[in-house]
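Working notes for the structure below.
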Amino acid sequence: MLRPSLACLMGFVALGACDKATQPAASSGPVSVKVTQDKPPPGGTWADVVNATSAGAVMGNPNSELKLVEIGSLSCPVCKRFDDEGVPQLVEKYVKTGRVSWEFRPYIIHGAIDMAANLVARCNGVKTFFPLVRAAYKDQEQFVSKVEAAGQVKIAQIQTLPPNRLFVEMASLAGLQDWAAARGVPQAKSNQCLSDQTLIDQEVQLTSDVTNQYPDFYGTPSFILNGKLLPRDSASWAGLEPQLQAALK
(Lines give C-alpha, C1' and ligand atoms only; values in the text may rest on other atoms or scores of the structure.)
Protein backbone atom coordinates (compact mmCIF):
# COMPACT_ATOMS: atom_id res chain seq x y z
CA MET A 1 0.00 0.00 0.00
CA LEU A 2 1.35 3.45 -0.89
CA ARG A 3 1.78 5.94 1.90
CA PRO A 4 2.89 9.57 1.89
CA SER A 5 6.60 10.09 2.25
CA LEU A 6 8.01 11.88 5.25
CA ALA A 7 9.52 14.46 2.94
CA CYS A 8 6.12 15.76 1.86
CA LEU A 9 5.08 16.35 5.46
CA MET A 10 8.22 17.70 7.05
CA GLY A 11 8.45 21.15 5.54
CA PHE A 12 8.21 23.96 8.09
CA VAL A 13 5.85 26.63 6.77
CA ALA A 14 4.75 29.98 8.15
CA LEU A 15 2.65 29.60 11.27
CA GLY A 16 -0.42 31.61 10.36
CA ALA A 17 -2.54 29.62 7.97
CA CYS A 18 -3.91 26.24 8.90
CA ASP A 19 -4.75 24.86 5.47
CA LYS A 20 -4.64 21.13 4.95
CA ALA A 21 -1.44 19.32 4.18
CA THR A 22 -1.05 17.94 0.66
CA GLN A 23 -0.06 14.34 0.23
CA PRO A 24 -1.11 11.23 -1.67
CA ALA A 25 -4.28 9.62 -0.35
CA ALA A 26 -3.85 6.35 1.49
CA SER A 27 -5.86 4.80 4.26
CA SER A 28 -5.28 2.48 7.16
CA GLY A 29 -9.02 1.89 7.51
CA PRO A 30 -11.83 3.38 9.58
CA VAL A 31 -11.13 4.81 13.02
CA SER A 32 -11.92 2.41 15.84
CA VAL A 33 -12.46 2.97 19.57
CA LYS A 34 -10.97 0.73 22.25
CA VAL A 35 -13.41 1.04 25.13
CA THR A 36 -11.73 0.37 28.46
CA GLN A 37 -13.93 2.77 30.48
CA ASP A 38 -17.67 2.86 29.89
CA LYS A 39 -18.98 4.82 32.86
CA PRO A 40 -17.86 7.70 35.09
CA PRO A 41 -15.86 6.93 38.22
CA PRO A 42 -17.64 7.33 41.58
CA GLY A 43 -18.32 11.01 42.12
CA GLY A 44 -17.12 11.85 38.61
CA THR A 45 -18.75 12.89 35.34
CA TRP A 46 -18.62 11.72 31.76
CA ALA A 47 -15.73 14.16 31.25
CA ASP A 48 -13.64 11.80 33.40
CA VAL A 49 -14.18 8.98 30.90
CA VAL A 50 -11.43 8.76 28.26
CA ASN A 51 -10.87 5.96 25.78
CA ALA A 52 -8.26 5.44 23.09
CA THR A 53 -9.14 5.53 19.42
CA SER A 54 -6.96 4.37 16.58
CA ALA A 55 -6.45 8.05 15.65
CA GLY A 56 -6.40 9.85 19.01
CA ALA A 57 -8.58 9.73 22.10
CA VAL A 58 -12.24 10.33 22.94
CA MET A 59 -13.63 11.97 26.08
CA GLY A 60 -17.13 11.23 27.29
CA ASN A 61 -19.84 8.62 26.94
CA PRO A 62 -18.74 6.06 24.32
CA ASN A 63 -22.43 5.51 23.54
CA SER A 64 -23.30 9.20 23.32
CA GLU A 65 -26.08 10.52 21.12
CA LEU A 66 -23.68 12.85 19.31
CA LYS A 67 -20.12 11.98 18.45
CA LEU A 68 -18.00 15.07 17.79
CA VAL A 69 -14.54 14.72 16.29
CA GLU A 70 -12.06 17.59 16.22
CA ILE A 71 -9.15 17.41 13.80
CA GLY A 72 -6.53 19.80 15.13
CA SER A 73 -2.92 20.85 14.75
CA LEU A 74 -1.04 21.58 17.97
CA SER A 75 0.81 24.47 16.30
CA CYS A 76 -2.28 26.00 14.68
CA PRO A 77 -3.29 29.35 16.25
CA VAL A 78 -6.92 28.95 15.15
CA CYS A 79 -7.02 25.60 16.95
CA LYS A 80 -5.58 27.27 20.04
CA ARG A 81 -8.36 29.84 19.92
CA PHE A 82 -10.95 27.07 19.86
CA ASP A 83 -9.24 25.32 22.76
CA ASP A 84 -9.21 28.57 24.76
CA GLU A 85 -12.77 29.66 23.99
CA GLY A 86 -14.69 26.54 23.06
CA VAL A 87 -13.32 23.50 24.85
CA PRO A 88 -14.25 24.60 28.42
CA GLN A 89 -17.86 25.16 27.32
CA LEU A 90 -17.94 22.01 25.19
CA VAL A 91 -16.85 19.89 28.14
CA GLU A 92 -18.98 21.60 30.78
CA LYS A 93 -22.24 21.94 28.85
CA TYR A 94 -22.17 18.93 26.54
CA VAL A 95 -19.59 16.24 27.33
CA LYS A 96 -20.40 16.06 31.06
CA THR A 97 -24.07 15.37 30.27
CA GLY A 98 -23.20 12.16 28.43
CA ARG A 99 -25.04 13.31 25.30
CA VAL A 100 -21.92 14.40 23.38
CA SER A 101 -18.50 12.76 23.18
CA TRP A 102 -15.43 14.66 21.98
CA GLU A 103 -12.66 12.95 20.09
CA PHE A 104 -9.41 14.78 19.29
CA ARG A 105 -7.33 13.66 16.32
CA PRO A 106 -3.91 15.35 15.93
CA TYR A 107 -3.08 16.40 12.37
CA ILE A 108 0.19 17.51 10.78
CA ILE A 109 -0.21 20.98 9.27
CA HIS A 110 3.14 22.58 10.07
CA GLY A 111 5.53 19.73 9.46
CA ALA A 112 8.16 18.69 11.96
CA ILE A 113 6.93 20.88 14.83
CA ASP A 114 3.48 19.26 14.66
CA MET A 115 4.99 15.79 14.40
CA ALA A 116 7.16 16.38 17.48
CA ALA A 117 4.26 17.81 19.49
CA ASN A 118 1.94 14.96 18.46
CA LEU A 119 4.46 12.31 19.48
CA VAL A 120 4.99 13.93 22.87
CA ALA A 121 1.24 14.34 23.50
CA ARG A 122 0.66 10.63 22.86
CA CYS A 123 3.76 9.44 24.67
CA ASN A 124 2.33 8.84 28.17
CA GLY A 125 -0.82 7.02 27.07
CA VAL A 126 -4.49 7.83 26.81
CA LYS A 127 -5.03 9.07 30.37
CA THR A 128 -2.67 12.01 29.94
CA PHE A 129 -3.50 12.69 26.28
CA PHE A 130 -6.11 15.42 26.79
CA PRO A 131 -4.19 17.20 29.57
CA LEU A 132 -1.06 17.29 27.38
CA VAL A 133 -2.98 18.45 24.31
CA ARG A 134 -4.61 21.27 26.27
CA ALA A 135 -1.32 22.23 27.92
CA ALA A 136 0.33 22.32 24.47
CA TYR A 137 -2.28 24.78 23.26
CA LYS A 138 -1.83 26.89 26.37
CA ASP A 139 1.93 27.09 25.77
CA GLN A 140 1.78 27.02 21.96
CA GLU A 141 3.22 30.50 21.44
CA GLN A 142 6.12 29.64 23.72
CA PHE A 143 7.36 26.58 21.85
CA VAL A 144 6.55 27.90 18.35
CA SER A 145 8.44 31.14 19.03
CA LYS A 146 11.51 29.14 20.09
CA VAL A 147 11.49 27.31 16.75
CA GLU A 148 10.97 30.52 14.77
CA ALA A 149 13.78 32.24 16.68
CA ALA A 150 16.22 29.50 15.65
CA GLY A 151 15.98 30.68 12.04
CA GLN A 152 15.54 28.89 8.74
CA VAL A 153 19.19 27.83 8.47
CA LYS A 154 19.05 25.88 11.74
CA ILE A 155 15.66 24.41 10.85
CA ALA A 156 16.95 23.37 7.43
CA GLN A 157 19.93 21.64 9.06
CA ILE A 158 17.64 19.69 11.38
CA GLN A 159 15.46 18.62 8.49
CA THR A 160 18.39 16.87 6.84
CA LEU A 161 18.58 14.43 9.75
CA PRO A 162 17.04 10.93 9.56
CA PRO A 163 13.55 10.72 11.12
CA ASN A 164 14.77 8.97 14.27
CA ARG A 165 16.88 12.06 15.03
CA LEU A 166 14.93 14.80 13.28
CA PHE A 167 12.02 14.95 15.70
CA VAL A 168 14.20 14.65 18.80
CA GLU A 169 16.16 17.67 17.61
CA MET A 170 13.05 19.63 16.61
CA ALA A 171 11.47 18.94 19.99
CA SER A 172 14.69 20.04 21.68
CA LEU A 173 14.66 23.26 19.67
CA ALA A 174 11.11 23.92 20.90
CA GLY A 175 11.93 22.89 24.48
CA LEU A 176 9.34 20.13 24.36
CA GLN A 177 11.30 17.54 26.34
CA ASP A 178 11.70 19.85 29.33
CA TRP A 179 8.10 20.97 28.93
CA ALA A 180 6.88 17.36 28.93
CA ALA A 181 9.10 16.39 31.86
CA ALA A 182 7.43 19.09 33.95
CA ARG A 183 4.11 17.40 33.12
CA GLY A 184 5.03 13.84 34.01
CA VAL A 185 6.74 12.54 30.86
CA PRO A 186 10.42 11.77 31.61
CA GLN A 187 12.88 13.04 29.02
CA ALA A 188 14.09 9.53 28.25
CA LYS A 189 10.54 8.47 27.50
CA SER A 190 9.72 11.46 25.30
CA ASN A 191 12.97 10.98 23.37
CA GLN A 192 12.10 7.33 22.87
CA CYS A 193 8.70 8.31 21.42
CA LEU A 194 10.25 11.01 19.25
CA SER A 195 12.69 8.54 17.68
CA ASP A 196 10.29 5.59 17.28
CA GLN A 197 9.95 4.96 13.53
CA THR A 198 6.73 2.99 13.99
CA LEU A 199 5.08 5.87 15.83
CA ILE A 200 6.38 8.34 13.24
CA ASP A 201 4.93 6.25 10.42
CA GLN A 202 1.59 6.08 12.24
CA GLU A 203 1.42 9.87 12.52
CA VAL A 204 2.09 10.25 8.80
CA GLN A 205 -0.57 7.68 8.00
CA LEU A 206 -3.19 9.26 10.27
CA THR A 207 -2.76 12.63 8.57
CA SER A 208 -3.12 10.95 5.18
CA ASP A 209 -6.23 9.11 6.38
CA VAL A 210 -8.07 12.35 7.15
CA THR A 211 -7.85 13.67 3.60
CA ASN A 212 -8.67 10.25 2.21
CA GLN A 213 -11.76 9.78 4.39
CA TYR A 214 -12.93 13.41 4.11
CA PRO A 215 -12.08 14.73 0.62
CA ASP A 216 -13.61 18.12 1.47
CA PHE A 217 -11.41 18.52 4.55
CA TYR A 218 -10.22 22.13 4.47
CA GLY A 219 -7.75 22.47 7.34
CA THR A 220 -7.59 22.78 11.09
CA PRO A 221 -9.58 22.87 13.17
CA SER A 222 -12.24 20.83 11.40
CA PHE A 223 -15.19 19.15 13.06
CA ILE A 224 -17.04 15.96 12.22
CA LEU A 225 -20.44 15.35 13.78
CA ASN A 226 -21.81 11.81 13.65
CA GLY A 227 -19.63 11.07 10.65
CA LYS A 228 -20.38 14.25 8.70
CA LEU A 229 -17.72 16.89 8.07
CA LEU A 230 -19.14 20.25 9.17
CA PRO A 231 -18.61 23.36 7.01
CA ARG A 232 -15.68 25.72 7.43
CA ASP A 233 -17.72 28.23 9.44
CA SER A 234 -17.92 25.64 12.24
CA ALA A 235 -14.24 26.17 13.07
CA SER A 236 -15.07 28.33 16.09
CA TRP A 237 -17.22 27.88 19.17
CA ALA A 238 -19.69 30.47 17.87
CA GLY A 239 -20.06 28.44 14.68
CA LEU A 240 -20.02 25.00 16.27
CA GLU A 241 -22.35 25.32 19.25
CA PRO A 242 -25.53 26.10 17.25
CA GLN A 243 -24.98 22.89 15.30
CA LEU A 244 -24.65 20.89 18.49
CA GLN A 245 -27.82 22.46 19.84
CA ALA A 246 -29.73 21.78 16.63
CA ALA A 247 -28.58 18.15 16.52
CA LEU A 248 -29.56 17.59 20.17
CA LYS A 249 -33.10 18.80 19.48
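In the C-alpha coordinates, the first chain shown is A, the next is B, and so on; residue numbers restart at 1 for each chain, and ligands run from 1 in the order shown.
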
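Non-sequential neighbours of region 184-201 of chain A (distance at most 8 Å, separation of 2 or more positions within a chain, only C-alpha atoms) are Met115, Ala116, Leu119, Val120, Cys123, Asn124, Pro163, Asn164, Arg165, Leu166, Phe167, Val168, Gln177, Asp178, Ala180, Ala181, Ala182, Glu203, Val204 and Gln205 of chain A.
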
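DSSP annotation of region 179-213 of chain A from backbone atoms: helix (DSSP H, G or I) residues are Trp179, Ala180, Ala181, Gln187, Ala188, Lys189, Ser190, Asn191, Gln192, Cys193, Leu194, Gln197, Thr198, Leu199, Ile200, Asp201, Gln202, Glu203, Val204, Gln205, Leu206, Thr207, Ser208, Asp209, Val210, Thr211, Asn212 and Gln213 of chain A.
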
Test item: residues at most 12 Å from Thr128 (chain A), only C-alpha atoms, excluding those fewer than 2 positions along its chain, as a PyMOL selection string: chain A and resi 48-52+56-59+120-126+130-135+180+183-185

Between A:Ser73, A:Gln152, A:Lys93, A:Gly98, which has the minimum distance to Ala117 (chain A) (counting only C-alpha atoms)? A:Ser73

Computed gap from CA of Tyr137 (chain A) to CA of Asp83 (chain A) is 7.0 Å
